[in-house]
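So this block is run.pdb, PDB, C-alpha atoms:
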```
ATOM      1  CA  MET A   1       0.953 -12.267  18.123  1.00  0.00           C
ATOM      2  CA  SER A   2       1.859  -9.937  15.278  1.00  0.00           C
ATOM      3  CA  ARG A   3       0.638  -6.470  14.305  1.00  0.00           C
ATOM      4  CA  TYR A   4      -0.003  -5.789  10.637  1.00  0.00           C
ATOM      5  CA  ALA A   5      -0.975  -2.958   8.336  1.00  0.00           C
ATOM      6  CA  VAL A   6      -3.466  -4.262   5.798  1.00  0.00           C
ATOM      7  CA  LEU A   7      -3.619  -2.151   2.628  1.00  0.00           C
ATOM      8  CA  LEU A   8      -6.608  -2.551   0.330  1.00  0.00           C
ATOM      9  CA  ARG A   9      -6.246  -1.426  -3.241  1.00  0.00           C
ATOM     10  CA  GLY A  10      -8.681   0.861  -4.987  1.00  0.00           C
ATOM     11  CA  VAL A  11     -11.484   1.029  -2.438  1.00  0.00           C
ATOM     12  CA  ASN A  12     -13.831   3.977  -2.008  1.00  0.00           C
ATOM     13  CA  VAL A  13     -12.301   5.799  -4.986  1.00  0.00           C
ATOM     14  CA  GLY A  14     -14.719   7.586  -7.288  1.00  0.00           C
ATOM     15  CA  GLY A  15     -17.653   5.655  -5.905  1.00  0.00           C
ATOM     16  CA  ASN A  16     -16.135   2.306  -6.870  1.00  0.00           C
ATOM     17  CA  ASN A  17     -15.405  -0.722  -4.691  1.00  0.00           C
ATOM     18  CA  LYS A  18     -17.278   0.654  -1.715  1.00  0.00           C
ATOM     19  CA  VAL A  19     -15.970  -0.840   1.496  1.00  0.00           C
ATOM     20  CA  PRO A  20     -17.335   0.905   4.595  1.00  0.00           C
ATOM     21  CA  MET A  21     -14.550   1.133   7.154  1.00  0.00           C
ATOM     22  CA  ALA A  22     -16.884   0.146  10.006  1.00  0.00           C
ATOM     23  CA  ARG A  23     -17.804  -3.036   8.114  1.00  0.00           C
ATOM     24  CA  LEU A  24     -14.135  -3.694   7.319  1.00  0.00           C
ATOM     25  CA  ARG A  25     -13.315  -3.551  11.042  1.00  0.00           C
ATOM     26  CA  GLU A  26     -16.210  -5.930  11.773  1.00  0.00           C
ATOM     27  CA  LEU A  27     -15.065  -8.371   9.080  1.00  0.00           C
ATOM     28  CA  ALA A  28     -11.521  -8.396  10.460  1.00  0.00           C
ATOM     29  CA  ALA A  29     -12.856  -9.083  13.952  1.00  0.00           C
ATOM     30  CA  GLU A  30     -15.139 -11.840  12.625  1.00  0.00           C
ATOM     31  CA  VAL A  31     -12.119 -13.521  11.014  1.00  0.00           C
ATOM     32  CA  GLY A  32     -10.510 -13.536  14.450  1.00  0.00           C
ATOM     33  CA  TYR A  33      -8.233 -10.519  14.461  1.00  0.00           C
ATOM     34  CA  THR A  34      -8.024  -8.213  17.456  1.00  0.00           C
ATOM     35  CA  ASP A  35      -7.050  -4.577  18.147  1.00  0.00           C
ATOM     36  CA  VAL A  36      -8.619  -3.707  14.790  1.00  0.00           C
ATOM     37  CA  ALA A  37      -8.546  -0.087  13.617  1.00  0.00           C
ATOM     38  CA  THR A  38      -8.880   1.739  10.306  1.00  0.00           C
ATOM     39  CA  TYR A  39      -7.217   4.904   9.079  1.00  0.00           C
ATOM     40  CA  VAL A  40      -9.066   7.266   6.723  1.00  0.00           C
ATOM     41  CA  GLN A  41     -11.551   5.882   4.192  1.00  0.00           C
ATOM     42  CA  SER A  42      -9.167   4.449   1.608  1.00  0.00           C
ATOM     43  CA  GLY A  43      -8.686   0.906   2.853  1.00  0.00           C
ATOM     44  CA  ASN A  44      -6.080   1.073   5.613  1.00  0.00           C
ATOM     45  CA  LEU A  45      -6.537  -1.443   8.385  1.00  0.00           C
ATOM     46  CA  VAL A  46      -4.326  -2.244  11.366  1.00  0.00           C
ATOM     47  CA  LEU A  47      -4.817  -5.426  13.352  1.00  0.00           C
ATOM     48  CA  THR A  48      -3.267  -8.047  15.586  1.00  0.00           C
ATOM     49  CA  ALA A  49      -3.112 -11.650  14.366  1.00  0.00           C
ATOM     50  CA  GLU A  50      -1.851 -14.896  15.829  1.00  0.00           C
ATOM     51  CA  THR A  51      -0.162 -15.846  12.547  1.00  0.00           C
ATOM     52  CA  LYS A  52       3.400 -14.876  11.717  1.00  0.00           C
ATOM     53  CA  LYS A  53       2.544 -15.228   8.001  1.00  0.00           C
ATOM     54  CA  PRO A  54       1.348 -11.998   6.346  1.00  0.00           C
ATOM     55  CA  ALA A  55       0.106 -13.971   3.312  1.00  0.00           C
ATOM     56  CA  GLU A  56      -2.448 -15.692   5.566  1.00  0.00           C
ATOM     57  CA  VAL A  57      -3.802 -12.309   6.635  1.00  0.00           C
ATOM     58  CA  GLU A  58      -3.942 -11.158   2.993  1.00  0.00           C
ATOM     59  CA  ARG A  59      -5.969 -14.222   1.976  1.00  0.00           C
ATOM     60  CA  ALA A  60      -8.299 -14.070   4.985  1.00  0.00           C
ATOM     61  CA  VAL A  61      -9.120 -10.369   4.589  1.00  0.00           C
ATOM     62  CA  ALA A  62      -9.580 -10.656   0.805  1.00  0.00           C
ATOM     63  CA  LYS A  63     -11.868 -13.688   1.278  1.00  0.00           C
ATOM     64  CA  ALA A  64     -13.934 -11.958   3.975  1.00  0.00           C
ATOM     65  CA  ILE A  65     -14.439  -8.923   1.719  1.00  0.00           C
ATOM     66  CA  HIS A  66     -15.352 -11.126  -1.215  1.00  0.00           C
ATOM     67  CA  ASP A  67     -17.749 -13.311   0.767  1.00  0.00           C
ATOM     68  CA  ASP A  68     -19.471 -10.366   2.467  1.00  0.00           C
ATOM     69  CA  LEU A  69     -19.358  -7.586  -0.128  1.00  0.00           C
ATOM     70  CA  GLY A  70     -18.819  -9.512  -3.358  1.00  0.00           C
ATOM     71  CA  LEU A  71     -15.679  -7.535  -4.217  1.00  0.00           C
ATOM     72  CA  GLU A  72     -12.345  -8.808  -5.505  1.00  0.00           C
ATOM     73  CA  ILE A  73      -9.957  -6.446  -3.714  1.00  0.00           C
ATOM     74  CA  PRO A  74      -6.173  -6.887  -3.858  1.00  0.00           C
ATOM     75  CA  VAL A  75      -4.730  -6.834  -0.337  1.00  0.00           C
ATOM     76  CA  MET A  76      -1.119  -6.162   0.719  1.00  0.00           C
ATOM     77  CA  VAL A  77       0.058  -6.765   4.276  1.00  0.00           C
ATOM     78  CA  ARG A  78       3.152  -5.346   5.938  1.00  0.00           C
ATOM     79  CA  ASP A  79       4.382  -5.526   9.513  1.00  0.00           C
ATOM     80  CA  ARG A  80       5.839  -2.644  11.489  1.00  0.00           C
ATOM     81  CA  ASP A  81       9.445  -3.412  10.556  1.00  0.00           C
ATOM     82  CA  GLU A  82       8.595  -3.509   6.848  1.00  0.00           C
ATOM     83  CA  LEU A  83       6.757  -0.166   6.964  1.00  0.00           C
ATOM     84  CA  ALA A  84       9.579   1.434   8.956  1.00  0.00           C
ATOM     85  CA  ALA A  85      12.177   0.071   6.521  1.00  0.00           C
ATOM     86  CA  ALA A  86      10.225   1.374   3.507  1.00  0.00           C
ATOM     87  CA  LEU A  87      10.075   4.871   4.997  1.00  0.00           C
ATOM     88  CA  ALA A  88      13.729   4.847   6.062  1.00  0.00           C
ATOM     89  CA  ALA A  89      14.996   3.558   2.701  1.00  0.00           C
ATOM     90  CA  ASN A  90      13.206   6.205   0.601  1.00  0.00           C
ATOM     91  CA  PRO A  91      15.809   7.162  -2.032  1.00  0.00           C
ATOM     92  CA  LEU A  92      13.857  10.297  -2.943  1.00  0.00           C
ATOM     93  CA  ALA A  93      13.358  11.665   0.572  1.00  0.00           C
ATOM     94  CA  ASP A  94      15.934  14.428   0.124  1.00  0.00           C
ATOM     95  CA  ILE A  95      14.062  16.033  -2.795  1.00  0.00           C
ATOM     96  CA  VAL A  96      10.566  15.928  -1.301  1.00  0.00           C
ATOM     97  CA  GLU A  97       9.177  19.348  -0.442  1.00  0.00           C
ATOM     98  CA  ASN A  98       5.594  18.252   0.236  1.00  0.00           C
ATOM     99  CA  PRO A  99       5.033  14.810   1.838  1.00  0.00           C
ATOM    100  CA  ALA A 100       1.611  14.575   0.141  1.00  0.00           C
ATOM    101  CA  TRP A 101       3.442  14.356  -3.191  1.00  0.00           C
ATOM    102  CA  MET A 102       5.643  11.419  -2.132  1.00  0.00           C
ATOM    103  CA  HIS A 103       4.016   7.994  -2.328  1.00  0.00           C
ATOM    104  CA  ILE A 104       5.145   4.462  -1.679  1.00  0.00           C
ATOM    105  CA  SER A 105       3.498   1.716  -3.692  1.00  0.00           C
ATOM    106  CA  PHE A 106       3.616  -1.555  -1.789  1.00  0.00           C
ATOM    107  CA  LEU A 107       4.069  -4.409  -4.244  1.00  0.00           C
ATOM    108  CA  ALA A 108       2.934  -8.027  -3.978  1.00  0.00           C
ATOM    109  CA  SER A 109       6.468  -9.127  -4.874  1.00  0.00           C
ATOM    110  CA  GLN A 110       9.697  -7.752  -6.267  1.00  0.00           C
ATOM    111  CA  PRO A 111       9.265  -6.885  -9.973  1.00  0.00           C
ATOM    112  CA  PRO A 112      11.204  -9.106 -12.400  1.00  0.00           C
ATOM    113  CA  ALA A 113      14.509  -7.631 -13.575  1.00  0.00           C
ATOM    114  CA  ASP A 114      13.519  -7.922 -17.250  1.00  0.00           C
ATOM    115  CA  LYS A 115      10.460  -5.725 -16.610  1.00  0.00           C
ATOM    116  CA  LEU A 116      12.550  -3.122 -14.756  1.00  0.00           C
ATOM    117  CA  LYS A 117      15.001  -2.891 -17.669  1.00  0.00           C
ATOM    118  CA  LEU A 118      12.174  -1.814 -19.989  1.00  0.00           C
ATOM    119  CA  LEU A 119      11.239   1.242 -17.926  1.00  0.00           C
ATOM    120  CA  ASP A 120      12.172   4.695 -19.242  1.00  0.00           C
ATOM    121  CA  ARG A 121      12.465   7.179 -16.390  1.00  0.00           C
ATOM    122  CA  SER A 122      12.602  10.147 -18.798  1.00  0.00           C
ATOM    123  CA  GLU A 123       9.005   9.371 -19.858  1.00  0.00           C
ATOM    124  CA  PHE A 124       7.752  10.893 -16.598  1.00  0.00           C
ATOM    125  CA  GLU A 125      10.164  13.777 -15.917  1.00  0.00           C
ATOM    126  CA  PRO A 126      10.128  15.845 -13.774  1.00  0.00           C
ATOM    127  CA  GLU A 127       8.294  13.141 -11.824  1.00  0.00           C
ATOM    128  CA  ARG A 128      10.510  10.370 -10.530  1.00  0.00           C
ATOM    129  CA  PHE A 129      10.327   6.786  -9.373  1.00  0.00           C
ATOM    130  CA  GLU A 130      12.706   4.336  -7.745  1.00  0.00           C
ATOM    131  CA  PHE A 131      12.403   0.828  -6.376  1.00  0.00           C
ATOM    132  CA  GLY A 132      13.023  -0.675  -2.966  1.00  0.00           C
ATOM    133  CA  ASP A 133      12.275  -3.970  -1.270  1.00  0.00           C
ATOM    134  CA  ARG A 134       8.828  -4.925  -2.633  1.00  0.00           C
ATOM    135  CA  CYS A 135       7.969  -1.269  -3.050  1.00  0.00           C
ATOM    136  CA  MET A 136       8.122   1.569  -5.538  1.00  0.00           C
ATOM    137  CA  TYR A 137       8.763   5.168  -4.554  1.00  0.00           C
ATOM    138  CA  LEU A 138       6.799   7.740  -6.558  1.00  0.00           C
ATOM    139  CA  TRP A 139       7.438  11.484  -6.424  1.00  0.00           C
ATOM    140  CA  PHE A 140       4.889  13.876  -7.940  1.00  0.00           C
ATOM    141  CA  PRO A 141       6.394  17.398  -7.723  1.00  0.00           C
ATOM    142  CA  GLY A 142       3.094  18.902  -8.920  1.00  0.00           C
ATOM    143  CA  GLY A 143       0.769  16.528  -7.072  1.00  0.00           C
ATOM    144  CA  SER A 144      -0.705  13.259  -8.288  1.00  0.00           C
ATOM    145  CA  GLY A 145      -3.997  14.581  -9.698  1.00  0.00           C
ATOM    146  CA  ARG A 146      -2.820  15.037 -13.295  1.00  0.00           C
ATOM    147  CA  SER A 147       0.317  12.985 -13.043  1.00  0.00           C
ATOM    148  CA  LYS A 148       1.470  10.739 -15.903  1.00  0.00           C
ATOM    149  CA  LEU A 149       3.375   8.700 -13.335  1.00  0.00           C
ATOM    150  CA  ALA A 150       0.299   8.128 -11.169  1.00  0.00           C
ATOM    151  CA  GLY A 151      -1.795   7.129 -14.182  1.00  0.00           C
ATOM    152  CA  ALA A 152       0.683   4.664 -15.681  1.00  0.00           C
ATOM    153  CA  PRO A 153      -0.465   1.018 -15.813  1.00  0.00           C
ATOM    154  CA  TRP A 154       2.140  -0.184 -13.316  1.00  0.00           C
ATOM    155  CA  ASP A 155       0.597  -3.623 -12.767  1.00  0.00           C
ATOM    156  CA  ARG A 156       1.095  -4.403 -16.449  1.00  0.00           C
ATOM    157  CA  ARG A 157       4.486  -2.709 -16.741  1.00  0.00           C
ATOM    158  CA  LEU A 158       5.898  -4.435 -13.676  1.00  0.00           C
ATOM    159  CA  GLY A 159       3.984  -7.701 -13.839  1.00  0.00           C
ATOM    160  CA  VAL A 160       3.209  -7.167 -10.147  1.00  0.00           C
ATOM    161  CA  ARG A 161       0.207  -5.609  -8.438  1.00  0.00           C
ATOM    162  CA  GLY A 162       0.594  -2.856  -5.879  1.00  0.00           C
ATOM    163  CA  THR A 163      -1.191  -0.213  -3.858  1.00  0.00           C
ATOM    164  CA  ALA A 164       0.165   3.235  -3.091  1.00  0.00           C
ATOM    165  CA  ARG A 165      -0.044   5.460  -0.010  1.00  0.00           C
ATOM    166  CA  ASN A 166       1.463   8.870   0.580  1.00  0.00           C
ATOM    167  CA  VAL A 167       4.245   8.953   3.152  1.00  0.00           C
ATOM    168  CA  ARG A 168       2.052  10.728   5.706  1.00  0.00           C
ATOM    169  CA  THR A 169      -0.372   7.798   5.619  1.00  0.00           C
ATOM    170  CA  VAL A 170       2.491   5.300   5.873  1.00  0.00           C
ATOM    171  CA  ALA A 171       3.851   7.181   8.902  1.00  0.00           C
ATOM    172  CA  ALA A 172       0.403   7.222  10.531  1.00  0.00           C
ATOM    173  CA  LEU A 173       0.014   3.473   9.970  1.00  0.00           C
ATOM    174  CA  LEU A 174       3.461   2.924  11.429  1.00  0.00           C
ATOM    175  CA  ASP A 175       2.393   4.769  14.576  1.00  0.00           C
ATOM    176  CA  MET A 176      -0.787   2.682  14.738  1.00  0.00           C
ATOM    177  CA  LEU A 177       1.276  -0.516  14.642  1.00  0.00           C
ATOM    178  CA  ASP A 178       2.765   0.193  18.023  1.00  0.00           C
ATOM    179  CA  PRO A 179       1.291  -2.202  20.576  1.00  0.00           C
ATOM    180  CA  PRO A 180      -2.049  -1.024  21.976  1.00  0.00           C
ATOM    181  CA  ALA A 181      -1.920   0.548  25.425  1.00  0.00           C
ATOM    182  CA  ALA A 182      -2.833  -1.917  28.152  1.00  0.00           C
TER     183      ALA A 182
END
```

Reformat the file's structure so that it appears as structure tokens.
Amino acid sequence: MSRYAVLLRGVNVGGNNKVPMARLRELAAEVGYTDVATYVQSGNLVLTAETKKPAEVERAVAKAIHDDLGLEIPVMVRDRDELAAALAANPLADIVENPAWMHISFLASQPPADKLKLLDRSEFEPERFEFGDRCMYLWFPGGSGRSKLAGAPWDRRLGVRGTARNVRTVAALLDMLDPPAA
């Protein structure tokens, strides 16, 4: 059995892609997952699965959402070790004053090197970004609301889809991935 954080992209934002968290928990249970829980309303799900293959969980959750709600929602899955490693490896952690302004975008795969070479970090200053293992670290010193960095078309620029969470949410999901109390 494995515990996973399931991250849905772009749900319940601005009235679009409405996925009720209660229904999301039900769908995950119907697919066969156990110890299912959600965190806030933005598509964060924690569950236990028999499979050791996160890609199987991604496909199953995306299919269940599509079949039930008619939505095509990108899904990223990470286990506890991957979430912990992403938090620990944050190359911008020492400059972060407000954790709400530090986000980690979890990517479907590592961006191609040729795409990374085309990025101009000065375009977003004083905002900053760095890359890790299948993730991108985004720092918004003035918040993400009017951020050029937050609004950039990263899927197109990187050739890889992703979904971002602030570090507080990532830490909360990490805590939720601990085995349920017996």

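Of the listed residues A:Leu47, A:Ser109, A:Ser144, A:Arg59, the one whose atoms come nearest to Glu72 (chain A) is A:Arg59, with distances taken using only C-alpha atoms.
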
Hey, can you pull every residue with an atom no more than 7 Å from (3.8, -15.0, 17.1), using all atoms listed in the file, and send it as a PDB file with C-alpha atoms, in the coordinates of the input?
```
ATOM      1  CA  MET A   1       0.953 -12.267  18.123  1.00  0.00           C
ATOM      2  CA  SER A   2       1.859  -9.937  15.278  1.00  0.00           C
ATOM      3  CA  GLU A  50      -1.851 -14.896  15.829  1.00  0.00           C
ATOM      4  CA  THR A  51      -0.162 -15.846  12.547  1.00  0.00           C
ATOM      5  CA  LYS A  52       3.400 -14.876  11.717  1.00  0.00           C
TER       6      LYS A  52
END
```

Task: Atom pair CA of Gly159 (chain A) / CA of Ala60 (chain A): separation (Å) - done: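 Here the two named atoms are 23.4 Å from each other.
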
Task: Hits from the PyMOL selection byres ((chain A and resi 61) around 9), listed as a PyMOL selection string - done: chain A and resi 6+24+27-28+31+56-60+62-66+75

- [ ] Have a look at CA of Phe106 (chain A) and CA of Arg121 (chain A) and let me know their distance in Å, one decimal.
- [x]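 Interatomic distance, CA of Phe106 (chain A) to CA of Arg121 (chain A): 19.2 Å.
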
Open item on the list: Could you check the closest approach to Ile73 (chain A) for each of A:Asn17, A:Arg134, A:Asp178, A:Ala164 and tell me which residue wins, using all atoms listed in the file?
Closed with: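 Smallest distance to Ile73 (chain A) is found for A:Asn17.
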
Open item on the list: Using all atoms listed in the file, can you tell me which of A:Val77, A:Ala150, A:Val160, A:Leu7 comes closest to Pro111 (chain A)?
Closed with: A:Val160

- [ ] Apply the PyMOL selection byres ((chain A and resi 46) around 7) to the displayed file and report the matching residues as a PyMOL selection string.
- [x] chain A and resi 4-6+36-38+44-45+47+176-177

Open item on the list: Residue by residue, what does the PyMOL selection byres ((chain A and resi 116) around 12) grab here? Present the result as a ChimeraX atom specification.
Closed with: /A:110-115,117-121,129-131,136,154,156-160

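A straight line drawn from CA of Arg161 (chain A) to CA of Arg128 (chain A) is 19.1 Å long.
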